[in-house]
Structures are given as structure tokens and as C-alpha cells.
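Structure file structure.cif (mmCIF, C-alpha atoms, pLDDT in the B column; chains and numbers go by the auth columns) is printed below.
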```cif
data_upload
loop_
_atom_site.group_PDB
_atom_site.id
_atom_site.type_symbol
_atom_site.label_atom_id
_atom_site.label_comp_id
_atom_site.label_asym_id
_atom_site.label_seq_id
_atom_site.Cartn_x
_atom_site.Cartn_y
_atom_site.Cartn_z
_atom_site.B_iso_or_equiv
_atom_site.auth_seq_id
_atom_site.auth_asym_id
ATOM 1 C CA MET A 1 22.839 -24.596 -76.276 40.00 1 A
ATOM 2 C CA THR A 2 21.052 -24.226 -79.609 40.00 2 A
ATOM 3 C CA VAL A 3 17.440 -23.048 -79.483 42.00 3 A
ATOM 4 C CA HIS A 4 15.316 -23.180 -82.600 40.00 4 A
ATOM 5 C CA PRO A 5 13.851 -19.688 -83.096 40.00 5 A
ATOM 6 C CA PRO A 6 10.125 -19.569 -82.256 39.00 6 A
ATOM 7 C CA ALA A 7 8.993 -17.472 -85.212 42.00 7 A
ATOM 8 C CA SER A 8 5.328 -16.658 -85.885 50.00 8 A
ATOM 9 C CA GLY A 9 3.323 -19.848 -85.893 83.00 9 A
ATOM 10 C CA SER A 10 5.530 -21.463 -83.261 89.00 10 A
ATOM 11 C CA PHE A 11 4.892 -23.368 -80.089 96.00 11 A
ATOM 12 C CA ILE A 12 6.394 -22.469 -76.675 97.00 12 A
ATOM 13 C CA THR A 13 5.698 -24.467 -73.517 98.00 13 A
ATOM 14 C CA LEU A 14 6.350 -23.801 -69.827 98.00 14 A
ATOM 15 C CA GLU A 15 6.956 -26.757 -67.546 97.00 15 A
ATOM 16 C CA GLY A 16 7.849 -27.426 -63.924 96.00 16 A
ATOM 17 C CA GLY A 17 6.600 -28.748 -60.623 92.00 17 A
ATOM 18 C CA GLU A 18 3.910 -27.422 -58.333 90.00 18 A
ATOM 19 C CA GLY A 19 4.329 -23.767 -57.368 89.00 19 A
ATOM 20 C CA ALA A 20 6.989 -23.047 -59.993 94.00 20 A
ATOM 21 C CA GLY A 21 5.089 -20.023 -61.313 94.00 21 A
ATOM 22 C CA LYS A 22 4.206 -21.270 -64.787 95.00 22 A
ATOM 23 C CA SER A 23 0.790 -19.612 -64.944 94.00 23 A
ATOM 24 C CA THR A 24 2.161 -16.250 -63.839 96.00 24 A
ATOM 25 C CA GLN A 25 5.105 -16.378 -66.224 98.00 25 A
ATOM 26 C CA ILE A 26 3.028 -17.405 -69.211 98.00 26 A
ATOM 27 C CA GLN A 27 0.726 -14.418 -68.746 98.00 27 A
ATOM 28 C CA LEU A 28 3.661 -12.025 -68.421 98.00 28 A
ATOM 29 C CA LEU A 29 5.278 -13.448 -71.555 98.00 29 A
ATOM 30 C CA ALA A 30 1.996 -13.245 -73.470 98.00 30 A
ATOM 31 C CA ALA A 31 1.592 -9.578 -72.529 98.00 31 A
ATOM 32 C CA ALA A 32 5.143 -8.799 -73.678 96.00 32 A
ATOM 33 C CA LEU A 33 4.639 -10.568 -77.016 96.00 33 A
ATOM 34 C CA ARG A 34 1.285 -8.899 -77.619 96.00 34 A
ATOM 35 C CA ALA A 35 2.929 -5.536 -76.958 95.00 35 A
ATOM 36 C CA MET A 36 5.205 -6.395 -79.907 91.00 36 A
ATOM 37 C CA GLY A 37 2.133 -6.915 -82.061 93.00 37 A
ATOM 38 C CA ARG A 38 2.277 -10.703 -82.048 93.00 38 A
ATOM 39 C CA ASP A 39 -0.803 -12.909 -82.324 95.00 39 A
ATOM 40 C CA VAL A 40 -0.591 -14.970 -79.118 97.00 40 A
ATOM 41 C CA LEU A 41 -2.716 -17.854 -77.870 98.00 41 A
ATOM 42 C CA VAL A 42 -2.399 -18.806 -74.192 98.00 42 A
ATOM 43 C CA THR A 43 -3.615 -22.270 -73.308 98.00 43 A
ATOM 44 C CA ARG A 44 -3.018 -25.015 -70.736 97.00 44 A
ATOM 45 C CA GLU A 45 -2.890 -28.725 -70.078 97.00 45 A
ATOM 46 C CA PRO A 46 -4.770 -30.663 -69.098 94.00 46 A
ATOM 47 C CA GLY A 47 -7.439 -28.562 -70.772 96.00 47 A
ATOM 48 C CA GLY A 48 -7.500 -25.984 -73.519 97.00 48 A
ATOM 49 C CA SER A 49 -10.571 -27.355 -75.303 97.00 49 A
ATOM 50 C CA PRO A 50 -14.014 -28.333 -73.988 96.00 50 A
ATOM 51 C CA GLY A 51 -13.296 -32.056 -74.176 96.00 51 A
ATOM 52 C CA ALA A 52 -9.875 -31.702 -72.593 97.00 52 A
ATOM 53 C CA GLU A 53 -11.266 -29.526 -69.789 96.00 53 A
ATOM 54 C CA ALA A 54 -13.786 -32.263 -68.983 95.00 54 A
ATOM 55 C CA ILE A 55 -10.954 -34.794 -68.731 94.00 55 A
ATOM 56 C CA ARG A 56 -8.989 -32.328 -66.539 93.00 56 A
ATOM 57 C CA GLY A 57 -11.749 -32.370 -63.935 90.00 57 A
ATOM 58 C CA LEU A 58 -11.876 -36.156 -64.024 89.00 58 A
ATOM 59 C CA ILE A 59 -8.151 -36.508 -63.329 86.00 59 A
ATOM 60 C CA LEU A 60 -7.445 -33.705 -60.881 85.00 60 A
ATOM 61 C CA ASN A 61 -10.230 -34.369 -58.404 80.00 61 A
ATOM 62 C CA GLY A 62 -8.297 -37.461 -57.320 72.00 62 A
ATOM 63 C CA GLY A 63 -11.373 -39.422 -56.332 75.00 63 A
ATOM 64 C CA PHE A 64 -11.001 -42.321 -58.744 85.00 64 A
ATOM 65 C CA GLY A 65 -7.602 -43.727 -57.797 86.00 65 A
ATOM 66 C CA PHE A 66 -6.395 -44.006 -61.374 91.00 66 A
ATOM 67 C CA SER A 67 -3.064 -45.737 -61.963 93.00 67 A
ATOM 68 C CA SER A 68 -0.257 -43.762 -63.600 93.00 68 A
ATOM 69 C CA VAL A 69 -0.815 -45.625 -66.868 95.00 69 A
ATOM 70 C CA THR A 70 -4.517 -44.758 -66.827 95.00 70 A
ATOM 71 C CA GLU A 71 -3.654 -41.128 -66.110 93.00 71 A
ATOM 72 C CA ALA A 72 -1.224 -41.130 -69.028 95.00 72 A
ATOM 73 C CA LEU A 73 -3.948 -42.466 -71.318 96.00 73 A
ATOM 74 C CA LEU A 74 -6.399 -39.799 -70.131 96.00 74 A
ATOM 75 C CA PHE A 75 -3.860 -37.002 -70.490 95.00 75 A
ATOM 76 C CA SER A 76 -3.050 -38.209 -73.995 97.00 76 A
ATOM 77 C CA ALA A 77 -6.729 -38.222 -74.961 97.00 77 A
ATOM 78 C CA ALA A 78 -7.061 -34.683 -73.622 97.00 78 A
ATOM 79 C CA ARG A 79 -3.881 -33.650 -75.453 97.00 79 A
ATOM 80 C CA LEU A 80 -5.125 -34.979 -78.784 97.00 80 A
ATOM 81 C CA ASP A 81 -8.395 -33.044 -78.453 97.00 81 A
ATOM 82 C CA HIS A 82 -6.482 -29.934 -77.357 98.00 82 A
ATOM 83 C CA LEU A 83 -4.189 -30.152 -80.377 98.00 83 A
ATOM 84 C CA GLU A 84 -7.002 -30.769 -82.840 97.00 84 A
ATOM 85 C CA LYS A 85 -9.378 -28.104 -81.520 97.00 85 A
ATOM 86 C CA THR A 86 -7.048 -25.363 -80.257 98.00 86 A
ATOM 87 C CA ILE A 87 -3.297 -25.613 -80.838 97.00 87 A
ATOM 88 C CA ARG A 88 -3.046 -26.686 -84.477 96.00 88 A
ATOM 89 C CA PRO A 89 -5.626 -24.152 -85.741 96.00 89 A
ATOM 90 C CA ALA A 90 -3.744 -21.361 -83.940 97.00 90 A
ATOM 91 C CA LEU A 91 -0.402 -22.462 -85.377 96.00 91 A
ATOM 92 C CA ALA A 92 -1.953 -22.683 -88.834 94.00 92 A
ATOM 93 C CA ARG A 93 -3.013 -19.031 -88.676 94.00 93 A
ATOM 94 C CA GLY A 94 0.506 -17.998 -87.640 94.00 94 A
ATOM 95 C CA ALA A 95 -0.007 -17.441 -83.893 96.00 95 A
ATOM 96 C CA ILE A 96 2.576 -18.021 -81.194 95.00 96 A
ATOM 97 C CA VAL A 97 1.065 -20.637 -78.888 97.00 97 A
ATOM 98 C CA LEU A 98 2.068 -20.475 -75.215 98.00 98 A
ATOM 99 C CA CYS A 99 1.042 -23.606 -73.332 98.00 99 A
ATOM 100 C CA ASP A 100 1.114 -24.116 -69.560 98.00 100 A
ATOM 101 C CA ARG A 101 2.330 -27.766 -69.550 97.00 101 A
ATOM 102 C CA PHE A 102 2.468 -30.237 -72.434 98.00 102 A
ATOM 103 C CA PHE A 103 3.892 -33.728 -72.941 97.00 103 A
ATOM 104 C CA ASP A 104 6.897 -33.118 -70.680 97.00 104 A
ATOM 105 C CA SER A 105 4.514 -33.053 -67.721 96.00 105 A
ATOM 106 C CA THR A 106 3.230 -36.500 -68.627 96.00 106 A
ATOM 107 C CA ARG A 107 6.815 -37.725 -68.946 96.00 107 A
ATOM 108 C CA ALA A 108 7.644 -36.312 -65.497 94.00 108 A
ATOM 109 C CA TYR A 109 4.427 -36.923 -63.517 90.00 109 A
ATOM 110 C CA GLN A 110 3.286 -40.266 -64.905 94.00 110 A
ATOM 111 C CA GLY A 111 6.769 -41.371 -65.985 93.00 111 A
ATOM 112 C CA ALA A 112 9.568 -40.265 -63.646 91.00 112 A
ATOM 113 C CA SER A 113 7.325 -39.958 -60.581 88.00 113 A
ATOM 114 C CA GLY A 114 4.566 -42.408 -61.464 90.00 114 A
ATOM 115 C CA GLY A 115 6.603 -45.235 -62.964 92.00 115 A
ATOM 116 C CA THR A 116 4.918 -45.539 -66.367 95.00 116 A
ATOM 117 C CA ALA A 117 7.363 -47.126 -68.816 96.00 117 A
ATOM 118 C CA PRO A 118 9.065 -44.733 -71.264 95.00 118 A
ATOM 119 C CA SER A 119 8.029 -47.001 -74.148 96.00 119 A
ATOM 120 C CA VAL A 120 4.364 -46.534 -73.223 96.00 120 A
ATOM 121 C CA LEU A 121 4.737 -42.768 -73.030 96.00 121 A
ATOM 122 C CA ALA A 122 6.608 -42.662 -76.338 96.00 122 A
ATOM 123 C CA ALA A 123 3.836 -44.637 -78.040 97.00 123 A
ATOM 124 C CA LEU A 124 1.182 -42.299 -76.646 96.00 124 A
ATOM 125 C CA GLU A 125 3.150 -39.264 -77.840 96.00 125 A
ATOM 126 C CA THR A 126 3.356 -40.724 -81.325 96.00 126 A
ATOM 127 C CA ILE A 127 -0.419 -41.194 -81.410 96.00 127 A
ATOM 128 C CA ALA A 128 -1.531 -37.980 -79.703 96.00 128 A
ATOM 129 C CA VAL A 129 1.185 -35.476 -80.600 96.00 129 A
ATOM 130 C CA GLY A 130 2.688 -36.606 -83.888 95.00 130 A
ATOM 131 C CA VAL A 131 4.838 -33.836 -85.355 94.00 131 A
ATOM 132 C CA THR A 132 3.238 -30.982 -83.382 96.00 132 A
ATOM 133 C CA ARG A 133 6.040 -30.536 -80.867 95.00 133 A
ATOM 134 C CA PRO A 134 7.253 -27.432 -79.035 96.00 134 A
ATOM 135 C CA ASN A 135 9.935 -25.275 -80.630 93.00 135 A
ATOM 136 C CA LEU A 136 11.025 -24.042 -77.195 96.00 136 A
ATOM 137 C CA THR A 137 10.349 -25.277 -73.656 97.00 137 A
ATOM 138 C CA PHE A 138 11.150 -23.494 -70.412 98.00 138 A
ATOM 139 C CA ILE A 139 11.654 -25.759 -67.393 98.00 139 A
ATOM 140 C CA LEU A 140 10.952 -23.635 -64.311 98.00 140 A
ATOM 141 C CA ASP A 141 13.096 -25.295 -61.663 97.00 141 A
ATOM 142 C CA LEU A 142 13.094 -24.906 -57.885 95.00 142 A
ATOM 143 C CA PRO A 143 13.420 -27.207 -54.838 95.00 143 A
ATOM 144 C CA ALA A 144 10.296 -29.287 -54.307 90.00 144 A
ATOM 145 C CA GLU A 145 9.712 -28.076 -50.756 91.00 145 A
ATOM 146 C CA ILE A 146 9.726 -24.436 -51.906 92.00 146 A
ATOM 147 C CA GLY A 147 7.305 -25.194 -54.718 88.00 147 A
ATOM 148 C CA LEU A 148 4.904 -27.016 -52.410 89.00 148 A
ATOM 149 C CA LYS A 149 5.007 -24.134 -49.929 88.00 149 A
ATOM 150 C CA ARG A 150 4.174 -21.686 -52.708 86.00 150 A
ATOM 151 C CA ALA A 151 1.360 -23.929 -53.956 81.00 151 A
ATOM 152 C CA HIS A 152 -0.075 -24.138 -50.441 79.00 152 A
ATOM 153 C CA GLU A 153 0.045 -20.352 -50.018 81.00 153 A
ATOM 154 C CA ARG A 154 -1.613 -19.867 -53.405 77.00 154 A
ATOM 155 C CA ARG A 155 -4.339 -22.403 -52.602 69.00 155 A
ATOM 156 C CA GLY A 156 -5.182 -20.925 -49.189 68.00 156 A
ATOM 157 C CA ALA A 157 -8.115 -22.758 -47.648 65.00 157 A
ATOM 158 C CA GLY A 158 -8.807 -24.685 -50.846 68.00 158 A
ATOM 159 C CA VAL A 159 -8.347 -28.428 -51.237 65.00 159 A
ATOM 160 C CA ALA A 160 -5.112 -29.741 -52.778 63.00 160 A
ATOM 161 C CA ASP A 161 -5.606 -31.400 -56.153 65.00 161 A
ATOM 162 C CA ARG A 162 -4.528 -34.922 -57.051 66.00 162 A
ATOM 163 C CA PHE A 163 -0.867 -33.989 -57.532 79.00 163 A
ATOM 164 C CA GLU A 164 -0.323 -31.247 -54.966 76.00 164 A
ATOM 165 C CA GLY A 165 -1.395 -33.750 -52.313 72.00 165 A
ATOM 166 C CA GLU A 166 1.411 -36.192 -53.108 80.00 166 A
ATOM 167 C CA ALA A 167 4.332 -36.724 -50.714 84.00 167 A
ATOM 168 C CA LEU A 168 7.532 -34.672 -50.939 88.00 168 A
ATOM 169 C CA SER A 169 9.395 -37.687 -52.366 90.00 169 A
ATOM 170 C CA PHE A 170 7.009 -37.694 -55.363 89.00 170 A
ATOM 171 C CA HIS A 171 7.775 -34.045 -56.059 90.00 171 A
ATOM 172 C CA GLU A 172 11.521 -34.567 -55.697 93.00 172 A
ATOM 173 C CA LYS A 173 11.335 -37.317 -58.344 93.00 173 A
ATOM 174 C CA LEU A 174 9.259 -34.939 -60.441 92.00 174 A
ATOM 175 C CA ARG A 175 11.940 -32.263 -60.294 95.00 175 A
ATOM 176 C CA SER A 176 14.601 -34.796 -61.259 95.00 176 A
ATOM 177 C CA GLY A 177 12.406 -35.945 -64.128 95.00 177 A
ATOM 178 C CA PHE A 178 12.091 -32.454 -65.581 96.00 178 A
ATOM 179 C CA LEU A 179 15.830 -31.832 -65.261 97.00 179 A
ATOM 180 C CA HIS A 180 16.525 -35.152 -66.975 96.00 180 A
ATOM 181 C CA ILE A 181 14.299 -34.122 -69.892 97.00 181 A
ATOM 182 C CA ALA A 182 16.152 -30.819 -70.198 97.00 182 A
ATOM 183 C CA GLN A 183 19.509 -32.567 -70.116 97.00 183 A
ATOM 184 C CA ASN A 184 18.458 -34.957 -72.881 97.00 184 A
ATOM 185 C CA GLU A 185 16.892 -32.287 -75.120 96.00 185 A
ATOM 186 C CA PRO A 186 19.075 -29.169 -74.808 96.00 186 A
ATOM 187 C CA GLN A 187 18.141 -28.087 -78.319 95.00 187 A
ATOM 188 C CA ARG A 188 14.577 -27.470 -77.095 96.00 188 A
ATOM 189 C CA CYS A 189 14.688 -27.018 -73.325 97.00 189 A
ATOM 190 C CA VAL A 190 15.954 -24.103 -71.224 97.00 190 A
ATOM 191 C CA VAL A 191 16.171 -24.515 -67.439 98.00 191 A
ATOM 192 C CA VAL A 192 15.246 -21.344 -65.535 98.00 192 A
ATOM 193 C CA ASP A 193 15.892 -20.853 -61.806 97.00 193 A
ATOM 194 C CA ALA A 194 12.341 -20.265 -60.574 97.00 194 A
ATOM 195 C CA ALA A 195 13.347 -19.727 -56.935 95.00 195 A
ATOM 196 C CA ARG A 196 14.096 -16.080 -57.785 96.00 196 A
ATOM 197 C CA SER A 197 11.602 -13.220 -57.884 96.00 197 A
ATOM 198 C CA VAL A 198 8.787 -13.162 -60.429 96.00 198 A
ATOM 199 C CA ASP A 199 10.239 -10.140 -62.209 97.00 199 A
ATOM 200 C CA VAL A 200 13.735 -11.619 -62.525 98.00 200 A
ATOM 201 C CA VAL A 201 12.406 -14.913 -63.896 98.00 201 A
ATOM 202 C CA ALA A 202 10.142 -13.041 -66.326 98.00 202 A
ATOM 203 C CA ALA A 203 13.073 -10.969 -67.573 98.00 203 A
ATOM 204 C CA ASP A 204 15.131 -14.099 -68.257 97.00 204 A
ATOM 205 C CA ILE A 205 12.307 -15.774 -70.168 98.00 205 A
ATOM 206 C CA ARG A 206 11.507 -12.628 -72.110 96.00 206 A
ATOM 207 C CA SER A 207 15.154 -12.097 -73.046 95.00 207 A
ATOM 208 C CA ILE A 208 15.471 -15.606 -74.469 96.00 208 A
ATOM 209 C CA VAL A 209 12.213 -15.440 -76.402 95.00 209 A
ATOM 210 C CA PHE A 210 12.890 -11.949 -77.765 90.00 210 A
ATOM 211 C CA SER A 211 16.378 -13.004 -78.799 88.00 211 A
ATOM 212 C CA CYS A 212 14.966 -15.990 -80.657 82.00 212 A
ATOM 213 C CA LEU A 213 12.465 -13.703 -82.347 74.00 213 A
ATOM 214 C CA GLY A 214 15.241 -11.342 -83.358 69.00 214 A
ATOM 215 C CA ALA A 215 13.660 -8.542 -81.332 45.00 215 A
ATOM 216 C CA ARG A 216 15.201 -6.040 -78.985 38.00 216 A
ATOM 217 C CA THR A 217 14.718 -6.697 -75.263 39.00 217 A
ATOM 218 C CA SER A 218 14.805 -3.044 -74.286 39.00 218 A
#
```
Could the structure of this file be written out as C-alpha cells, please?
Amino acid sequence: MTVHPPASGSFITLEGGEGAGKSTQIQLLAAALRAMGRDVLVTREPGGSPGAEAIRGLILNGGFGFSSVTEALLFSAARLDHLEKTIRPALARGAIVLCDRFFDSTRAYQGASGGTAPSVLAALETIAVGVTRPNLTFILDLPAEIGLKRAHERRGAGVADRFEGEALSFHEKLRSGFLHIAQNEPQRCVVVDAARSVDVVAADIRSIVFSCLGARTS
């Protein structure tokens, strides 16, 4: 596997299904990079800018019954605003941008699981993303039933969002979709076994990123 080194001003994304631990891992990685003196921006999708956060609420409440194509259009609109307002300015100043989900989630959720045609998704990526693509993507992989159990435990008495509430079969297709992306783009994607402990997963991610940065992991 060849990974393009995420030097200063580079873009790293974390992807995976529900309960994979992306939010936890991104914060741990950010802390490690900041301890090295790096300028780090942590952001998320959908969201990351005021306009994109507004669209996030519209999609995730699940009350509108949007089709997968409509969701893909909304996510792409949010992504464009996120890139324009948050990601590109940070990259321009030389920061390392860590993003909790990016276009791979649209490919997996609205594509592999939702049935939106790849040609539609590719066209939306061309419009919304252009050349601003991740240098490195971690796919946090674990069985769908384990991820859903973790998501339920994390949520507690709260209400499941639009995607957590989907059937197990949806989440199994989602997992397959992410693994298919990683298989097709090995130069960018690294699959990490997320069924292990938080600390072990964090050490793996940190080791890969530090190695790409030419830094010591000790």
C-alpha cells in the first residue's frame, strides 16, 4: 500500500459505519498532532460551517422522508459550503484538517446502501469537491451489529437519528460499501479494525499518521 504523506496543509478523513468510534479517534489524533506542534482543524460532516450545520439538522431528523438522491444532493450542498467556509481556508494556511466523514460516507450511505447511481455521485463530487480530496482516509471497520450496539449504548435514552434507525441489512451494505471503496483506492484508504479497544485503534492510526509525517511514534 502506498499512502501519500499528509504534510502540513493536508487533509485526513475518518470514515465508517455507526458506532465505529470516528469521533473519539479523531479527537485523540488531533491531540497527538497538536502535541507535536501542528496546526490542526477538527471538523465533521454533515456540518462544519453554519450553512452545513443547518442542512445536517434537516437530514438527520428523518422527518421528511427524503429519497437517497435527495439526501445526496443535500449532503453535496452542505459539503460545498463546508469546503468553501472551513476546509479550504484551513488548508491554505497550512493546517492539517481532520474530518469526521467526507464524500466516502455519501458513496456508502446514499450509494451502496441507498442505491443512488455511481454516475450521479461522481457528478456531485465533481461539482462540490473538485480537487480538494483527502490525502489519507481511515476506514474504521467492524461488524454492523457491534457498531449498532455501540451506537445504542452511546445514545442511551436519546432518539436514533435517520441512519442509526435503519435495519441491520442497511448497515451491512454500508460496511461492504466502505470496504469496496478502500479496495478500489488503496493509495488513499487504510482499513483499521475498529472492533478492538480505543487505545489500540488510536495507536494504529497515530503510527500511520506519524510515519507519513516523518515523525517518531515514541
Grab the CA of Glu71 (chain A) to CA of Glu53 (chain A) distance for me, in Å with one decimal place.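 Rounded to one decimal, the two atoms are 14.4 Å apart.
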Exactly which residues make up the result of the PyMOL selection byres ((chain A and resi 105) around 9) on this file, given as a PDB file with C-alpha atoms, keeping the file's coordinate frame?
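And here is the file that came out, part_28.pdb:
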```
ATOM      1  CA  GLU A  15       6.956 -26.757 -67.546  1.00 97.00           C
ATOM      2  CA  GLY A  16       7.849 -27.426 -63.924  1.00 96.00           C
ATOM      3  CA  GLY A  17       6.600 -28.748 -60.623  1.00 92.00           C
ATOM      4  CA  GLU A  45      -2.890 -28.725 -70.078  1.00 97.00           C
ATOM      5  CA  ARG A 101       2.330 -27.766 -69.550  1.00 97.00           C
ATOM      6  CA  PHE A 102       2.468 -30.237 -72.434  1.00 98.00           C
ATOM      7  CA  PHE A 103       3.892 -33.728 -72.941  1.00 97.00           C
ATOM      8  CA  ASP A 104       6.897 -33.118 -70.680  1.00 97.00           C
ATOM      9  CA  THR A 106       3.230 -36.500 -68.627  1.00 96.00           C
ATOM     10  CA  ARG A 107       6.815 -37.725 -68.946  1.00 96.00           C
ATOM     11  CA  ALA A 108       7.644 -36.312 -65.497  1.00 94.00           C
ATOM     12  CA  TYR A 109       4.427 -36.923 -63.517  1.00 90.00           C
ATOM     13  CA  GLN A 110       3.286 -40.266 -64.905  1.00 94.00           C
ATOM     14  CA  GLY A 111       6.769 -41.371 -65.985  1.00 93.00           C
ATOM     15  CA  LEU A 174       9.259 -34.939 -60.441  1.00 92.00           C
ATOM     16  CA  PHE A 178      12.091 -32.454 -65.581  1.00 96.00           C
TER      17      PHE A 178
END
```
Sort by chain and increasing residue number a table of all residues of region 97-189 of chain A within 12 Å of region 29-40 of chain A, each with its closest pair of atoms and their distance in Å to one decimal, counting all atoms listed in the file, and write it as CSV.
```
residue,atom,partner,partner_atom,distance
A:Val97,CA,A:Val40,CA,5.9
A:Leu98,CA,A:Val40,CA,7.3
A:Cys99,CA,A:Ala30,CA,10.4
A:Asp100,CA,A:Ala30,CA,11.6
A:Phe138,CA,A:Leu29,CA,11.7
```
Could you write those residues out with C-alpha atoms, as a PDB file, in the coordinates of the input?
```pdb
ATOM      1  CA  VAL A  97       1.065 -20.637 -78.888  1.00 97.00           C
ATOM      2  CA  LEU A  98       2.068 -20.475 -75.215  1.00 98.00           C
ATOM      3  CA  CYS A  99       1.042 -23.606 -73.332  1.00 98.00           C
ATOM      4  CA  ASP A 100       1.114 -24.116 -69.560  1.00 98.00           C
ATOM      5  CA  PHE A 138      11.150 -23.494 -70.412  1.00 98.00           C
TER       6      PHE A 138
END
```
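For the residues A:Ile139, A:Val198, A:Ile146, A:Phe163, ranking by smallest atom-to-atom distance to Ile181 (chain A) using only C-alpha atoms places A:Ile139 first.
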So, with all atoms listed in the file as the atoms that count, which of A:Val191, A:Val42, A:Gly147, A:Val200 lies closest to Ala90 (chain A)?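 Selected residue with least distance to Ala90 (chain A): A:Val42.
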Please compute the CA of Pro143 (chain A)-CA of Ile205 (chain A) distance, one decimal, in Å.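 A separation of 19.2 Å between them.
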Env of Phe75 (chain A): 9 Å cut, atoms = all atoms listed in the file, seq-sep filter 5 positions within chain, self excluded. Answer as a list in words. Glu45, Pro46, Ala52, Ile55, Arg56, Ile59, Thr70, Leu80, Phe103 and Thr106 of chain A
note - CA of Leu136 (chain A) and CA of Ile12 (chain A) are separated by 4.9 Å
Taking the file as I've supplied it (selection: the PyMOL selection byres ((chain A and resi 24) around 12)), which residues are included? Please answer as a PyMOL selection string. chain A and resi 14+19-23+25-31+42+100+140+154+194+197-199+201-202+205
Selection result of the PyMOL selection byres ((chain A and resi 185) around 12) on this file, as a VMD selection string: chain A and resid 1 to 4 104 134 to 139 178 to 184 186 to 191
Within 8 Å of region 85-88 of chain A, counting all atoms listed in the file, which residues qualify if same-chain residues fewer than 5 places away don't, as a count of residues only? 4
I need the residue nearest Ser76 (chain A) from this list: A:Ala54, A:Ala95, A:Leu121, A:Arg44. Use only C-alpha atoms for the distance.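 Checking each candidate against Ser76 (chain A), we get A:Leu121 as the closest.
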Measuring between all atoms listed in the file, which one of A:Ala144, A:Asp193, A:Arg93, A:Gly114 shows the shortest distance to Phe66 (chain A)?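 Once distances to Phe66 (chain A) are computed over all atoms listed in the file, the minimum belongs to A:Gly114.
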Which one of A:Ser119, A:Glu153, A:Lys173, A:Glu166 sits closest to Val69 (chain A) if you count all atoms listed in the file?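 Checking each candidate against Val69 (chain A), we get A:Ser119 as the closest.
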Nearest candidate to Pro118 (chain A) (options A:Gly9, A:Gly51, A:Gly57, A:Gly177; using all atoms listed in the file):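 Using all atoms listed in the file, Pro118 (chain A) sits closest to A:Gly177.
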Return as JSON the box centre and box size in Å, one decimal, for an axis-aligned box around all listed atoms of region 80-96 of chain A padded by 3 Å per side.
```
{"center_x": -3.4, "center_y": -26.2, "center_z": -83.1, "size_x": 18.0, "size_y": 23.5, "size_z": 17.5}
```
Could you write region 176-181 of chain A of the block just shown to a file containing all heavy atoms, as a PDB file, in the first residue's frame?
```pdb
ATOM      1  N   SER A 176     -20.010  -3.070   3.638  1.00  0.00           N
ATOM      2  CA  SER A 176     -19.470  -3.565   2.367  1.00  0.00           C
ATOM      3  C   SER A 176     -19.090  -2.411   1.450  1.00  0.00           C
ATOM      4  O   SER A 176     -18.077  -2.471   0.738  1.00  0.00           O
ATOM      5  CB  SER A 176     -20.489  -4.471   1.679  1.00  0.00           C
ATOM      6  OG  SER A 176     -20.733  -5.633   2.444  1.00  0.00           O
ATOM      7  N   GLY A 177     -19.901  -1.356   1.470  1.00  0.00           N
ATOM      8  CA  GLY A 177     -19.616  -0.195   0.636  1.00  0.00           C
ATOM      9  C   GLY A 177     -18.306   0.472   1.007  1.00  0.00           C
ATOM     10  O   GLY A 177     -17.499   0.826   0.127  1.00  0.00           O
ATOM     11  N   PHE A 178     -18.068   0.647   2.301  1.00  0.00           N
ATOM     12  CA  PHE A 178     -16.810   1.257   2.738  1.00  0.00           C
ATOM     13  C   PHE A 178     -15.612   0.381   2.369  1.00  0.00           C
ATOM     14  O   PHE A 178     -14.573   0.875   1.917  1.00  0.00           O
ATOM     15  CB  PHE A 178     -16.828   1.502   4.246  1.00  0.00           C
ATOM     16  CG  PHE A 178     -17.544   2.759   4.653  1.00  0.00           C
ATOM     17  CD1 PHE A 178     -18.637   2.711   5.512  1.00  0.00           C
ATOM     18  CD2 PHE A 178     -17.119   3.998   4.207  1.00  0.00           C
ATOM     19  CE1 PHE A 178     -19.293   3.868   5.904  1.00  0.00           C
ATOM     20  CE2 PHE A 178     -17.773   5.170   4.593  1.00  0.00           C
ATOM     21  CZ  PHE A 178     -18.858   5.103   5.442  1.00  0.00           C
ATOM     22  N   LEU A 179     -15.744  -0.930   2.559  1.00  0.00           N
ATOM     23  CA  LEU A 179     -14.645  -1.830   2.233  1.00  0.00           C
ATOM     24  C   LEU A 179     -14.369  -1.849   0.728  1.00  0.00           C
ATOM     25  O   LEU A 179     -13.211  -1.958   0.301  1.00  0.00           O
ATOM     26  CB  LEU A 179     -14.946  -3.241   2.741  1.00  0.00           C
ATOM     27  CG  LEU A 179     -14.963  -3.393   4.266  1.00  0.00           C
ATOM     28  CD1 LEU A 179     -15.389  -4.802   4.656  1.00  0.00           C
ATOM     29  CD2 LEU A 179     -13.605  -3.059   4.871  1.00  0.00           C
ATOM     30  N   HIS A 180     -15.423  -1.704  -0.063  1.00  0.00           N
ATOM     31  CA  HIS A 180     -15.259  -1.641  -1.513  1.00  0.00           C
ATOM     32  C   HIS A 180     -14.492  -0.378  -1.907  1.00  0.00           C
ATOM     33  O   HIS A 180     -13.609  -0.412  -2.788  1.00  0.00           O
ATOM     34  CB  HIS A 180     -16.628  -1.670  -2.184  1.00  0.00           C
ATOM     35  CG  HIS A 180     -16.578  -1.652  -3.677  1.00  0.00           C
ATOM     36  ND1 HIS A 180     -16.150  -2.721  -4.429  1.00  0.00           N
ATOM     37  CD2 HIS A 180     -16.907  -0.672  -4.569  1.00  0.00           C
ATOM     38  CE1 HIS A 180     -16.210  -2.423  -5.706  1.00  0.00           C
ATOM     39  NE2 HIS A 180     -16.664  -1.174  -5.825  1.00  0.00           N
ATOM     40  N   ILE A 181     -14.803   0.732  -1.268  1.00  0.00           N
ATOM     41  CA  ILE A 181     -14.077   1.982  -1.533  1.00  0.00           C
ATOM     42  C   ILE A 181     -12.593   1.806  -1.224  1.00  0.00           C
ATOM     43  O   ILE A 181     -11.721   2.190  -2.006  1.00  0.00           O
ATOM     44  CB  ILE A 181     -14.676   3.131  -0.692  1.00  0.00           C
ATOM     45  CG1 ILE A 181     -16.076   3.495  -1.198  1.00  0.00           C
ATOM     46  CG2 ILE A 181     -13.759   4.367  -0.726  1.00  0.00           C
ATOM     47  CD1 ILE A 181     -16.864   4.384  -0.247  1.00  0.00           C
TER      48      ILE A 181
END
```
